[in-house]
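In what follows, a single structure is set out as C-alpha cells and then discussed.
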Amino acid sequence: MVDESAVGRVGQPFDMVVERGKIREFARATLSASPEYLDDPVPVSPPTFLVNAAFWTPPGENPLTVLGLDLRRLLHGAQEFVFHGPPPRAGAELHARTRVDKVYEKEGRRGGTMTFVETVTEFRDGQGALVAEARSTAIETARAPEES
Amino acid sequence: MAPTWEDLEPGAAPERREYGPLTRTHFVRYQGASGDFNPIHHDEEFARSAGFPTVFSVGMLQAGILASYVTDWLGPANVRRFAVQFREQVWPGDHLRCSAEVTKRYEHDGERRVDLALACERVESGGAAIKGEATFVVP
C-alpha cells in the first residue's frame, strides 16, 4: 500500500547525457539492426531509450523504491513517451526530474486491492525547453500470484 | 524505402515480423542496456519466492522490440509518441509477433502525422503481450 500523500512528491533533479555507445547497446538489446542507430555517428535515441534515466537517477531516488513498493508484487502496467520534436540524439545533455503524478486503487478481478502509481519524468534541454516526458504506471498487486 | 504520405492511409500496415525465441540472455542483455535490474527477470530463486514458475521477460524489452519494429518502418527521428500497455507476461522460449496499422492521418501544427495501433503477441499462446499506440511525423 502506498500512501496517497505521495502524490506531488518531486524527486531530486538530475542530469543525463545521451551516449552513442549506450544507444548502440540499447538498439542491439531491442533487436534493431537499423543503421540510423548503429551507423550514424550522431544517432537518434530509440523511442524507449529514456528508461536509461535509471543510470542517472541519484542514489536512493528511485521513485518506486522510495515509495516502499514490494518488487515481488510489482507489475509494470503501462509506459508512455511523448517527444516535443525528434527524440534526443547522442551528445544531448538533459535535465530531468520525476514526480509522482497519481496514486489510486482498483479491485483486482480475483479479489484483493491493486495500487496504481503513475510517475512522470520530464526531460529538458539546456535552455529549459521540454524535450520529452516519460509516464510510467506501476501496479502493486495484493499478493503473490501463487496465492491469488 | 520509407512509405510516403500517400501510402499511409488508415489501414496501411507494414509486414508483421516475428522475433525469438526469447531467452534469459535477451532478458539480461536488456537489463544491462536499460538499467532495470529487478531480480525477478534473472534470479530464479527470487522469481520462485515471488510465486512465479521461473524468471520472465522485462515488459520494456518487448516494448523496445515493438519500438524497433515500428521505427524500422517510419524512421526513428520521426516518432513523437510511443505508448504501451502490458498484458500477458512473456516467458523464456516465447516467440513474439509485432504488428502495426495506421489508424489516423492528419495535420498538426503544420506537420503531417499518422497515429498507429501497435500489437505484440506471443506466437505460441496467441495471447497479447502488449497493446500500444504511436504517433509519427511524415516528412
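Here, A, B, ... name the chains of the C-alpha cells in the order displayed, residue numbers run from 1 inside each chain, and ligands are numbered from 1 in the same displayed order.
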Long-range neighbours of Tyr104 of chain A as a PDB file with C-alpha atoms, in the first residue's frame, 10 Å cut-off, only C-alpha atoms, 4 positions minimum in chain:
ATOM      1  CA  VAL A   2       1.245   3.424  -0.919  1.00  0.00           C
ATOM      2  CA  ASP A   3       0.212   6.478   0.977  1.00  0.00           C
ATOM      3  CA  GLU A   4      -1.758   8.819  -1.285  1.00  0.00           C
ATOM      4  CA  VAL A   7       1.130  12.413  -4.909  1.00  0.00           C
ATOM      5  CA  MET A 114      -4.264  -3.276  -6.527  1.00  0.00           C
ATOM      6  CA  THR A 115      -2.420   0.000  -6.044  1.00  0.00           C
ATOM      7  CA  PHE A 116      -1.531   2.041  -9.139  1.00  0.00           C
ATOM      8  CA  VAL A 117       1.305   4.575  -9.043  1.00  0.00           C
ATOM      9  CA  GLU A 118       1.879   6.869 -12.039  1.00  0.00           C
ATOM     10  CA  ILE A 139       0.918  -1.753 -10.157  1.00  0.00           C
TER      11      ILE A 139
END
Surrounding residues of Ser49 of chain B excluding itself and chain neighbours under 3 positions, 9 Å, only C-alpha atoms, as a list of chain:residue names: A:Arg72, A:Ala144, B:Glu44, B:Glu45, B:Phe46, B:Phe52
List the neighbours of segment 45-54 of chain A out to 6 Å using only C-alpha atoms; skip same-chain residues closer than 6 positions along the sequence, and give me the result as number ranges by chain. A: 23, 88-89; B: 34-35
Take the residues from that selection and put them in a file with C-alpha atoms, as a compact mmCIF listing (two decimals), in the first residue's frame.
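Contents of again.txt, freshly written:
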# COMPACT_ATOMS: atom_id res chain seq x y z
CA ILE A 23 22.32 3.87 -27.89
CA PRO A 88 17.33 13.36 -28.38
CA ARG A 89 20.50 12.41 -30.24
CA SER B 34 18.32 -0.26 -19.67
CA GLY B 35 19.47 -0.11 -16.04
Taking the DSSP assignment computed from this structure's backbone, write out as a PyMOL selection string all residues of chain A that belong to helix (DSSP H, G or I). chain A and resi 4-6+20-29+35-38+49-55+63-66+71-73+145-147
Do you have, as a Markdown table, the list of residues of chain B lying at most 7 Å from chain A, each with its nearest atom pair and that distance in Å to one decimal, counting only C-alpha atoms and ordered by chain then number?
| residue | atom | partner | partner_atom | distance |
| --- | --- | --- | --- | --- |
| B:His26 | CA | A:Ala29 | CA | 6.9 |
| B:Arg29 | CA | A:Ala29 | CA | 5.9 |
| B:Tyr30 | CA | A:Ala29 | CA | 5.1 |
| B:Ala33 | CA | A:Phe26 | CA | 5.1 |
| B:Ser34 | CA | A:Asn52 | CA | 5.1 |
| B:Gly35 | CA | A:Ala54 | CA | 5.5 |
| B:Asp36 | CA | A:Ala54 | CA | 6.9 |
| B:Ala50 | CA | A:Arg72 | CA | 5.0 |
| B:Gly51 | CA | A:Glu146 | CA | 4.7 |
| B:Phe52 | CA | A:Glu146 | CA | 6.9 |
| B:Gly59 | CA | A:His76 | CA | 6.9 |
| B:Leu61 | CA | A:Thr30 | CA | 6.3 |
| B:Gly64 | CA | A:Thr30 | CA | 5.2 |
| B:Ile65 | CA | A:Thr30 | CA | 4.8 |
| B:Ala67 | CA | A:Pro47 | CA | 6.3 |
| B:Ser68 | CA | A:Ser32 | CA | 5.4 |
| B:Asp72 | CA | A:Ser34 | CA | 6.5 |
| B:Pro76 | CA | A:Pro46 | CA | 6.4 |
| B:Ala77 | CA | A:Pro86 | CA | 5.1 |
| B:Asn78 | CA | A:Pro86 | CA | 6.1 |
| B:Val79 | CA | A:Pro86 | CA | 6.7 |
| B:Arg80 | CA | A:Phe83 | CA | 4.6 |
| B:Arg81 | CA | A:Val82 | CA | 4.4 |
| B:Phe82 | CA | A:Phe81 | CA | 5.2 |
| B:Ala83 | CA | A:Glu80 | CA | 4.0 |
| B:Val84 | CA | A:Gln79 | CA | 5.4 |
| B:Gln85 | CA | A:Ala78 | CA | 4.3 |
| B:Phe86 | CA | A:Gly77 | CA | 5.4 |
Nearby residues (only C-alpha atoms) at most 12 Å from His108 of chain B, same-chain spacing under 3 positions excluded, as number ranges by chain: B: 80, 104-105, 111-115, 135-138
Write out as a VMD selection string which residues come within 8 Å of Val17 of chain A when counting only C-alpha atoms, dropping same-chain ones fewer than 3 positions away. chain A and resid 90 to 94
Written selection (C-alpha atoms) as a short mmCIF file (atom, residue, chain, number, x, y, z; two decimals), in the first residue's frame:
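This is the output file part-v2.cif:
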data_model
loop_
_atom_site.label_atom_id
_atom_site.label_comp_id
_atom_site.auth_asym_id
_atom_site.auth_seq_id
_atom_site.Cartn_x
_atom_site.Cartn_y
_atom_site.Cartn_z
CA ALA A 90 23.85 11.23 -28.89
CA GLY A 91 25.56 14.07 -27.10
CA ALA A 92 22.34 15.62 -25.79
CA GLU A 93 22.56 16.76 -22.19
CA LEU A 94 19.18 16.53 -20.50
#
How would you write, as JSON, numbers by chain, the set of residues in segment 72-146 of chain A that DSSP gives as strand (DSSP E or B)? {"A": [74, 75, 76, 77, 78, 79, 80, 81, 82, 83, 89, 93, 94, 95, 96, 97, 98, 99, 100, 101, 102, 103, 104, 105, 106, 107, 113, 114, 115, 116, 117, 118, 119, 120, 121, 122, 123, 124, 130, 131, 132, 133, 134, 135, 136, 137, 138, 139, 140]}
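The two atoms in question, atom CA of Pro14 of chain B and atom CA of Ala117 of chain B, are spaced 11.8 Å apart.
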Residues near Leu22 of chain B, anyone? I mean within 6 Å using only C-alpha atoms, not counting same-chain ones fewer than 5 positions away, as an NGL selection string. :B and (92-94)
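Rounded to one decimal, atom CA of Ser5 of chain A and atom CA of Arg99 of chain A lie 12.5 Å from each other.
Going from atom CA of Val18 of chain A to atom CA of Ala2 of chain B covers 26.1 Å.
You can rank B:Glu107, B:Glu9, B:Asp43, B:Glu18 by their closest distance to Ala119 of chain B using only C-alpha atoms, and at the top of that list sits B:Glu18.
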